Amino acid sequence: MSSVYEPREDSDLLARYVRLLARGRVLDMGTGSGVQAFIAAENSKVKEITAVDINPLAIVHVARRIETLKEMDPRIRSMVVLQSDMFDVLDGQRFDTIICNPPYLPDEEKDTDPALYGGPQGYEFAVKFLAEAKEYLAPGGQILFLFSSLTNRDRIDMELKRLGYLHEELAQLAEFFERLYVYRIWLPERDAQ
Ligand SMILES: C[S@@+](CC[C@H](N)C(=O)[O-])C[C@H]1O[C@@H](n2cnc3c(N)ncnc32)[C@H](O)[C@@H]1O
């Protein structure tokens, strides 16, 4: 199993919008170091946070951070961190905000680090996540989602349309070999606005 994903430019870009927009019951999908979950905890509109990752090292890492920081905020004290392959352990739960910075690079033959590689084309994890997330969004819920030009933006946009989501682009950031995008995504019949 790979080591815990250190926050990078992608994490920081998404975290800016998590700080501003996270609210209610929050799920941090693929939490890694827990960066998005701990930033969400700073927002007074957030009520409770669940953080999941497939990597057991990430779970240990986040659990330790909760232990260290739990006196700082009741939202951190009550944070739940679970090992899960995507939504596997979350049956029946609904969230007002689902945060996801997915593994988004196309697989390489010699490297299969699940923190980085999202499938043969790079977008497979994202496509599965977006399809399953519909069942876990509360009415009026939103997804804060980061991806890269290497994930294939057209394919992401196509999947969002096919699945009946609406979305707005919150940010773009040009990096050395890719462009990062942050989307806010929601379902029209559940749109709270
Ligand atoms: C790009 S990292 C993002 C980490 C952190 N959220 C951030 O913003 O820095 C992707 C994370 O997704 C996790 N992951 C990969 N496949 C997963 C799966 N099937 N279910 C849950 N988490 C998964 C990885 O272990 C990794 O921690």
# chains A, B, ... in the order shown; residues from 1 in each chain; ligands from 1
call {"tool": "residues_around", "arguments": {"residues": "A:Glu175", "least_positions_apart": "3", "cutoff": "10 Å", "atoms": "only C-alpha atoms", "output": "VMD selection string"}}
result
chain A and resid 9 to 10 148 172 178 to 180
call {"tool": "residues_around", "arguments": {"residues": "A:Phe145", "least_positions_apart": "2", "cutoff": "9 Å", "atoms": "only C-alpha atoms", "output": "PyMOL selection string"}}
result
chain A and resi 14+98-102+143+147+181-185
call {"tool": "residues_near_ligand", "arguments": {"ligand": "ligand 1", "cutoff": "6 Å", "atoms": "only C-alpha atoms and all ligand atoms", "output": "PyMOL selection string"}}
result
chain A and resi 5+7+11+30-33+35-36+53-55+84-86+101-103+114-116
call {"tool": "atom_distance", "arguments": {"atom1": "atom CA of A:Gly141", "atom2": "atom CA of A:Leu187"}}
result
7.7 Å
call {"tool": "residues_around", "arguments": {"residues": "stretch 117-130 of chain A", "least_positions_apart": "5", "cutoff": "6 Å", "atoms": "only C-alpha atoms", "output": "JSON, numbers by chain"}}
result
{"A": [103, 104, 105, 106, 107, 151]}
call {"tool": "residues_around", "arguments": {"residues": "A:Ala37", "least_positions_apart": "3", "cutoff": "10 Å", "atoms": "only C-alpha atoms", "output": "MDAnalysis selection string"}}
result
chainID A and resid 15 18:19 22 26:29 31:34 40:42 48:52 62 75:76 79 81 99
call {"tool": "atom_distance", "arguments": {"atom1": "atom CA of A:Gln93", "atom2": "atom CA of A:Gln142"}}
result
14.5 Å
